[in-house]
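Shown next: model32.txt, given as compact mmCIF, C-alpha atoms and all ligand atoms.
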```txt
# COMPACT_ATOMS: atom_id res chain seq x y z
CA MET A 1 -7.10 6.72 18.32
CA ASN A 2 -10.13 6.54 20.54
CA SER A 3 -11.31 4.22 23.23
CA LEU A 4 -12.93 1.91 20.69
CA ALA A 5 -9.73 1.79 18.72
CA LYS A 6 -7.98 0.94 21.96
CA ARG A 7 -9.84 -2.33 22.28
CA SER A 8 -7.00 -4.72 22.72
CA LEU A 9 -6.28 -7.47 20.26
CA HIS A 10 -7.68 -9.84 22.88
CA THR A 11 -11.02 -8.27 21.98
CA VAL A 12 -10.77 -7.58 18.27
CA TRP A 13 -8.69 -10.49 17.05
CA PRO A 14 -11.49 -13.04 17.58
CA LEU A 15 -13.74 -10.71 15.58
CA VAL A 16 -11.30 -10.65 12.67
CA MET A 17 -11.08 -14.43 12.78
CA ARG A 18 -14.86 -14.77 12.85
CA LEU A 19 -15.35 -12.40 9.93
CA SER A 20 -12.69 -14.07 7.86
CA ARG A 21 -13.91 -17.55 8.69
CA HIS A 22 -17.26 -16.62 7.19
CA ARG A 23 -15.47 -15.04 4.25
CA LYS A 24 -16.76 -11.56 4.99
CA PRO A 25 -14.89 -8.52 3.72
CA CYS A 26 -13.39 -6.46 6.50
CA VAL A 27 -11.59 -3.08 6.73
CA ILE A 28 -8.56 -3.15 9.02
CA GLY A 29 -7.32 0.08 10.67
CA LEU A 30 -3.76 0.76 11.81
CA HIS A 31 -1.79 3.86 12.76
CA ASN A 32 1.95 3.63 13.12
CA PRO A 33 3.00 -0.02 13.46
CA ARG A 34 6.63 -1.01 13.36
CA PRO A 35 7.48 -2.84 10.11
CA GLU A 36 8.03 -6.18 11.87
CA ASN A 37 4.66 -5.86 13.62
CA LEU A 38 2.89 -5.05 10.36
CA ASP A 39 4.63 -8.02 8.76
CA ALA A 40 3.29 -10.31 11.54
CA ILE A 41 -0.24 -8.92 11.18
CA LEU A 42 -0.28 -9.24 7.38
CA ARG A 43 1.21 -12.72 7.50
CA THR A 44 -1.57 -13.86 9.82
CA LEU A 45 -4.32 -12.11 7.87
CA SER A 46 -3.12 -13.61 4.59
CA ASP A 47 -3.80 -17.07 6.01
CA PHE A 48 -7.49 -16.13 6.05
CA GLY A 49 -8.04 -14.04 2.95
CA CYS A 50 -6.53 -11.84 0.28
CA PHE A 51 -5.87 -8.10 0.46
CA VAL A 52 -8.35 -5.92 -1.41
CA PRO A 53 -7.44 -2.34 -2.46
CA TYR A 54 -9.68 0.27 -0.82
CA GLU A 55 -10.85 1.77 -4.10
CA ARG A 56 -11.86 -1.62 -5.45
CA MET A 57 -13.88 -2.24 -2.29
CA ALA A 58 -15.46 1.22 -2.67
CA ASP A 59 -16.34 0.63 -6.35
CA GLU A 60 -18.08 -2.64 -5.49
CA LEU A 61 -20.00 -1.12 -2.58
CA LEU A 62 -21.09 1.91 -4.58
CA THR A 63 -22.39 -0.25 -7.39
CA GLY A 64 -24.52 -2.17 -4.90
CA LYS A 65 -22.38 -5.29 -4.70
CA THR A 66 -20.87 -6.94 -1.64
CA PRO A 67 -17.10 -6.47 -1.83
CA PRO A 68 -15.07 -9.66 -2.27
CA PRO A 69 -14.04 -11.43 0.94
CA GLY A 70 -10.66 -10.31 2.20
CA PHE A 71 -9.01 -7.46 4.05
CA VAL A 72 -8.86 -3.79 3.13
CA VAL A 73 -5.85 -2.36 5.00
CA THR A 74 -5.87 1.31 6.07
CA PHE A 75 -3.49 3.57 7.98
CA ASP A 76 -4.56 6.76 9.76
CA ASP A 77 -2.87 10.10 10.50
CA GLY A 78 0.07 10.07 8.03
CA TYR A 79 3.09 9.30 10.26
CA ALA A 80 6.56 9.85 8.79
CA GLU A 81 7.44 6.28 9.84
CA ASN A 82 4.73 4.91 7.53
CA MET A 83 7.39 5.12 4.79
CA ASP A 84 9.16 2.17 6.45
CA LEU A 85 6.08 0.03 5.78
CA LEU A 86 6.13 0.18 1.97
CA GLU A 87 8.52 -2.74 1.61
CA VAL A 88 6.43 -4.93 3.93
CA LEU A 89 3.25 -4.02 2.04
CA ALA A 90 4.95 -4.84 -1.27
CA ASN A 91 6.16 -8.20 0.08
CA HIS A 92 2.56 -9.09 0.94
CA ARG A 93 1.18 -7.62 -2.31
CA CYS A 94 -1.06 -5.44 -0.17
CA GLN A 95 -2.32 -2.18 -1.64
CA ALA A 96 -3.37 -0.07 1.34
CA MET A 97 -5.13 3.24 1.93
CA PHE A 98 -3.38 6.04 3.85
CA PHE A 99 -5.75 8.55 5.48
CA VAL A 100 -3.69 11.68 6.08
CA SER A 101 -4.25 14.69 8.35
CA THR A 102 -2.60 17.54 6.47
CA ALA A 103 -1.67 19.90 9.36
CA THR A 104 1.71 18.10 9.53
CA LEU A 105 2.28 17.83 5.78
CA ASP A 106 5.74 19.20 4.90
CA ARG A 107 6.02 20.71 8.39
CA PRO A 108 8.14 19.68 11.38
CA ASN A 109 5.24 20.19 13.81
CA PRO A 110 3.23 17.34 15.34
CA LEU A 111 -0.52 16.92 15.20
CA TRP A 112 -1.90 18.12 18.55
CA PHE A 113 -1.95 14.65 20.20
CA MET A 114 1.30 13.27 18.79
CA ASN A 115 3.81 14.69 21.26
CA THR A 116 2.04 14.36 24.55
CA PRO A 117 2.41 11.68 27.25
CA ASP A 118 -1.32 11.05 27.69
CA PRO A 119 -3.19 11.64 24.41
CA GLU A 120 -6.42 10.01 25.59
CA ARG A 121 -6.73 12.38 28.56
CA LEU A 122 -5.95 15.33 26.32
CA LYS A 123 -8.60 14.21 23.85
CA ALA A 124 -11.19 13.86 26.61
CA ARG A 125 -10.54 17.48 27.62
CA LEU A 126 -10.33 19.04 24.17
CA ARG A 127 -13.35 17.32 22.67
CA GLN A 128 -15.55 19.49 24.91
CA LEU A 129 -14.38 22.66 23.17
CA PRO A 130 -16.10 24.42 20.26
CA TYR A 131 -14.03 24.34 17.05
CA HIS A 132 -12.36 27.76 17.24
CA ALA A 133 -11.65 27.41 20.97
CA PHE A 134 -10.13 24.00 20.17
CA LEU A 135 -7.88 25.50 17.48
CA SER A 136 -6.77 28.34 19.83
CA GLU A 137 -6.11 25.86 22.63
CA ILE A 138 -3.88 23.54 20.60
CA GLU A 139 -1.98 26.57 19.31
CA GLU A 140 -1.61 28.41 22.63
CA SER A 141 -0.79 25.38 24.73
CA GLY A 142 2.14 24.55 22.45
CA LEU A 143 0.78 21.11 21.49
CA THR A 144 1.60 21.71 17.82
CA LYS A 145 4.98 23.30 18.50
CA ARG A 146 8.04 21.90 16.82
CA ALA A 147 9.74 19.38 19.14
CA PRO A 148 13.45 19.94 19.80
CA ASN A 149 14.19 16.21 19.83
CA ARG A 150 12.52 15.33 16.54
CA ASP A 151 12.82 16.51 12.95
CA ARG A 152 9.20 15.89 12.03
CA PHE A 153 6.15 13.76 12.74
CA GLY A 154 4.23 13.62 9.47
CA LEU A 155 4.78 12.77 5.82
CA THR A 156 6.11 15.10 3.14
CA THR A 157 4.71 15.86 -0.31
CA ALA A 158 7.48 13.77 -1.91
CA GLU A 159 6.63 10.83 0.37
CA LEU A 160 2.92 11.05 -0.43
CA ARG A 161 3.84 10.80 -4.11
CA THR A 162 6.04 7.79 -3.40
CA ILE A 163 3.22 6.10 -1.48
CA ARG A 164 0.86 6.72 -4.38
CA SER A 165 3.44 5.49 -6.92
CA HIS A 166 3.51 2.18 -5.01
CA GLY A 167 -0.19 1.76 -5.84
CA HIS A 168 -1.62 2.78 -2.46
CA GLY A 169 -4.56 5.13 -2.01
CA ILE A 170 -4.48 8.50 -0.28
CA GLY A 171 -7.55 9.61 1.68
CA ILE A 172 -8.84 12.42 3.86
CA HIS A 173 -8.40 12.46 7.65
CA THR A 174 -9.27 16.21 8.08
CA HIS A 175 -6.69 18.99 8.32
CA ASN A 176 -6.35 19.31 12.12
CA HIS A 177 -7.55 15.86 13.24
CA VAL A 178 -10.68 17.26 14.83
CA PHE A 179 -13.75 15.74 16.50
CA LEU A 180 -16.19 16.25 13.66
CA SER A 181 -19.41 15.73 15.62
CA SER A 182 -18.71 18.83 17.72
CA LEU A 183 -18.29 21.02 14.61
CA SER A 184 -20.85 23.00 12.61
CA PRO A 185 -21.41 21.74 9.04
CA ALA A 186 -19.44 24.77 7.77
CA ASP A 187 -16.46 23.89 9.98
CA VAL A 188 -16.64 20.23 8.94
CA GLU A 189 -16.60 21.40 5.34
CA GLU A 190 -13.56 23.60 5.96
CA GLU A 191 -11.63 20.73 7.58
CA ILE A 192 -12.44 18.33 4.75
CA GLN A 193 -11.90 20.79 1.90
CA THR A 194 -8.59 22.08 3.31
CA CYS A 195 -7.30 18.53 3.67
CA SER A 196 -8.54 17.57 0.21
CA LYS A 197 -6.99 20.61 -1.48
CA LEU A 198 -3.60 20.15 0.22
CA LEU A 199 -3.55 16.48 -0.77
CA ARG A 200 -4.53 17.27 -4.37
CA ASP A 201 -1.80 19.94 -4.53
CA ALA A 202 0.72 17.55 -3.00
CA LEU A 203 -0.13 14.85 -5.54
CA ALA A 204 -0.42 17.40 -8.36
CA SER A 205 -3.70 15.77 -9.25
CA ASN A 206 -7.32 16.78 -9.36
CA ASP A 207 -8.24 13.13 -9.43
CA LEU A 208 -8.55 12.38 -5.73
CA PRO A 209 -11.84 10.66 -4.93
CA LEU A 210 -13.20 11.80 -1.56
CA HIS A 211 -12.64 8.86 0.78
CA VAL A 212 -12.62 9.86 4.44
CA ALA A 213 -11.58 8.32 7.76
CA TYR A 214 -13.30 10.12 10.65
CA PRO A 215 -10.63 11.14 13.21
CA ASP A 216 -11.06 8.87 16.25
CA GLY A 217 -14.04 7.42 14.39
CA ASN A 218 -16.01 10.43 15.64
CA HIS A 219 -19.14 11.13 13.59
CA ASP A 220 -22.89 11.55 13.90
CA ALA A 221 -25.88 11.82 11.53
CA GLN A 222 -25.14 15.47 10.77
CA VAL A 223 -21.50 14.74 9.93
CA VAL A 224 -22.61 11.94 7.60
CA GLN A 225 -25.10 14.33 5.96
CA THR A 226 -22.31 16.90 5.46
CA MET A 227 -20.11 14.22 3.84
CA LEU A 228 -22.96 13.45 1.46
CA SER A 229 -23.33 17.12 0.52
CA LEU A 230 -19.55 17.41 -0.03
CA GLY A 231 -19.65 14.51 -2.46
CA ALA A 232 -17.68 12.07 -0.29
CA LEU A 233 -17.83 8.55 -1.74
CA THR A 234 -17.02 6.57 1.40
CA ALA A 235 -16.10 7.20 5.04
CA VAL A 236 -14.76 4.73 7.59
CA THR A 237 -15.44 4.71 11.33
CA THR A 238 -13.80 2.76 14.17
CA ASN A 239 -16.93 0.70 14.83
CA PRO A 240 -15.94 -2.94 14.40
CA GLY A 241 -17.87 -5.03 11.86
CA SER A 242 -17.80 -6.40 8.33
CA LEU A 243 -18.71 -4.97 4.94
CA ALA A 244 -21.25 -7.73 4.40
CA GLU A 245 -23.74 -6.23 6.84
CA ALA A 246 -27.21 -5.36 5.65
CA ARG A 247 -28.05 -1.66 5.23
CA LEU A 248 -24.41 -0.63 5.14
CA ASN A 249 -23.97 3.14 4.83
CA PRO A 250 -20.92 3.89 2.60
CA LEU A 251 -20.41 7.07 4.67
CA ALA A 252 -20.22 5.19 7.99
CA LEU A 253 -18.38 1.97 7.20
CA PRO A 254 -17.30 -0.38 9.98
CA ARG A 255 -13.59 -0.94 10.52
CA VAL A 256 -11.63 -3.20 12.88
CA MET A 257 -8.74 -1.33 14.49
CA LEU A 258 -5.70 -3.56 14.97
CA ASP A 259 -2.90 -1.55 16.43
CA ASP A 260 0.55 -2.39 17.55
CA ASP A 261 2.52 -2.70 20.75
CA GLU A 262 0.91 0.06 22.76
CA TYR A 263 -2.05 -2.30 22.99
CA PRO A 264 -1.92 -4.83 25.79
CA GLY A 265 -2.88 -7.77 23.60
CA TYR A 266 -0.14 -7.16 21.07
CA ALA A 267 2.69 -8.82 22.97
CA ALA A 268 0.62 -12.00 23.17
CA PHE A 269 -0.23 -11.78 19.49
CA LYS A 270 3.41 -11.30 18.61
CA THR A 271 4.43 -14.52 20.28
CA GLY A 272 1.67 -16.27 18.41
CA SER A 273 -0.33 -17.34 21.44
CA ILE A 274 -3.52 -15.52 20.50
CA TYR A 275 -3.29 -16.74 16.94
CA LYS A 276 -2.73 -20.31 18.05
CA ARG A 277 -5.58 -20.14 20.53
CA MET A 278 -7.91 -18.72 17.90
CA LYS A 279 -6.84 -21.41 15.52
CA ARG A 280 -7.63 -24.10 18.10
CA GLN A 281 -11.00 -22.61 18.96
CA HIS A 282 -12.35 -21.53 15.63
CA ILE A 283 -10.55 -22.93 12.65
ZN ZN B 301 -6.38 9.65 13.48
```

Take the structure from the file and write it as structure tokens.
Amino acid sequence: MNSLAKRSLHTVWPLVMRLSRHRKPCVIGLHNPRPENLDAILRTLSDFGCFVPYERMADELLTGKTPPPGFVVTFDDGYAENMDLLEVLANHRCQAMFFVSTATLDRPNPLWFMNTPDPERLKARLRQLPYHAFLSEIEESGLTKRAPNRDRFGLTTAELRTIRSHGHGIGIHTHNHVFLSSLSPADVEEEIQTCSKLLRDALASNDLPLHVAYPDGNHDAQVVQTMLSLGALTAVTTNPGSLAEARLNPLALPRVMLDDDEYPGYAAFKTGSIYKRMKRQHI
């Protein structure tokens, strides 16, 4: 998550309402919501539009069409608890996209920001480091060490297959969840290719179209250029907006991050007050 993603629902919820009111397609980003919170979010969204599978949205965009109005739901990082969301997604007939960082795949270790009290501060410090210094730092400082109080943080191969068998997409979120704009093109390539290969092996499939979510939304023109040269089809950012914008770049797509109760606006949303206020003001 980055500071943009941390915009509270007080800020982003009106945007979602505005986009949906004008029947504009919109990508929604989540991380690790509790099932009841996801249920509340999907229930509210479904009042305003249908759920569109990521790959259908991508097909439409890449053939030069505007995707149908509705919501494309995505989850970042690949948390073990994401498995608890499959029933909720099925209840809402929502086919989602899971962008997975593979450093935790089949391992008990956390990603470097998952087991720390202040991930934003840590990110601010580590994003200054060159790639190999960053990798040494997360290793040496014990950030990716197995936690005594927890079995694991990420998904397993078997769970990825289950997610896929439920009709959801699996996408790339880099191997180590790195800040791509501070990497050389060769290092960006390594992070993307490692993640892609591990996911293809896990799914026992060579058929894994390259759809990417930039970790923390972090990207620049050179990163986008590298994605193009790697054959990536789409990439999502954390810049809020709709898919109906003119001159949309498929490798830097807008996405509205709507996270759960660590965000100050969520409690208000949960009790319905934001939703009701939005309804009064806009609908
Ligand atoms: Zn992430």

Neighbour list for Ala58 of chain A as an MDAnalysis selection string, cut-off 9 Å, all atoms listed in the file, skip fewer than 5 positions in-chain: chainID A and resid 53 63 67 211 233:234 250

Neighbourhood of ligand ZN 301 (chain B) at 8 Å, counting only C-alpha atoms and all ligand atoms, reported as number ranges by chain: A: 1, 31, 76-77, 101, 173, 177, 213-216

Pro148 of chain A surroundings by only C-alpha atoms, 12 Å radius, close-in-sequence under 5 positions cut, as number ranges by chain: A: 108-110, 115, 153

Selection from above, C-alpha atoms, as a PDB file, in the coordinates of the input, can you write it?
```
ATOM      1  CA  PRO A 108       8.140  19.680  11.380  1.00  0.00           C
ATOM      2  CA  ASN A 109       5.240  20.190  13.810  1.00  0.00           C
ATOM      3  CA  PRO A 110       3.230  17.340  15.340  1.00  0.00           C
ATOM      4  CA  ASN A 115       3.810  14.690  21.260  1.00  0.00           C
ATOM      5  CA  PHE A 153       6.150  13.760  12.740  1.00  0.00           C
TER       6      PHE A 153
END
```

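Going from atom CA of Arg43 of chain A over to atom CA of Gly169 of chain A, you cover 21.0 Å.
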
Residue contacts of Thr157 of chain A (9 Å, only C-alpha atoms) excluding same-chain residues fewer than 2 positions away, as a PyMOL selection string: chain A and resi 105-106+155+159-162+199+201-203

How about saving the chosen residues, C-alpha atoms kept, as a compact mmCIF listing (two decimals), keeping the file's coordinate frame?
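Saved result, selection.txt, follows:
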```
# COMPACT_ATOMS: atom_id res chain seq x y z
CA LEU A 105 2.28 17.83 5.78
CA ASP A 106 5.74 19.20 4.90
CA LEU A 155 4.78 12.77 5.82
CA GLU A 159 6.63 10.83 0.37
CA LEU A 160 2.92 11.05 -0.43
CA ARG A 161 3.84 10.80 -4.11
CA THR A 162 6.04 7.79 -3.40
CA LEU A 199 -3.55 16.48 -0.77
CA ASP A 201 -1.80 19.94 -4.53
CA ALA A 202 0.72 17.55 -3.00
CA LEU A 203 -0.13 14.85 -5.54
```

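Using all atoms listed in the file, the smallest distance between any of A:Leu111, A:Val27, A:Leu251, A:Leu243 and Met97 of chain A comes from A:Val27.
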
Point-to-point distance from atom CA of Ser182 of chain A to atom CA of Ala252 of chain A, Å rounded to tenths: 16.8 Å

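Counting only C-alpha atoms, the residue from A:Arg152, A:Arg93, A:Lys65, A:Arg146 that sits nearest to His166 of chain A is A:Arg93.
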
Residues within 12 Å of (-7.3, 7.1, -0.9), file coords, all atoms listed in the file, listed as number ranges by chain: A: 53-58, 72-76, 78, 95-100, 160, 163-164, 167-173, 196, 199-200, 203, 207-213, 232-236

Point (-15.6, 24.6, 15.8), cut-off 12 Å, counting only C-alpha atoms, residues as a PyMOL selection string: chain A and resi 126-137+176+178-191
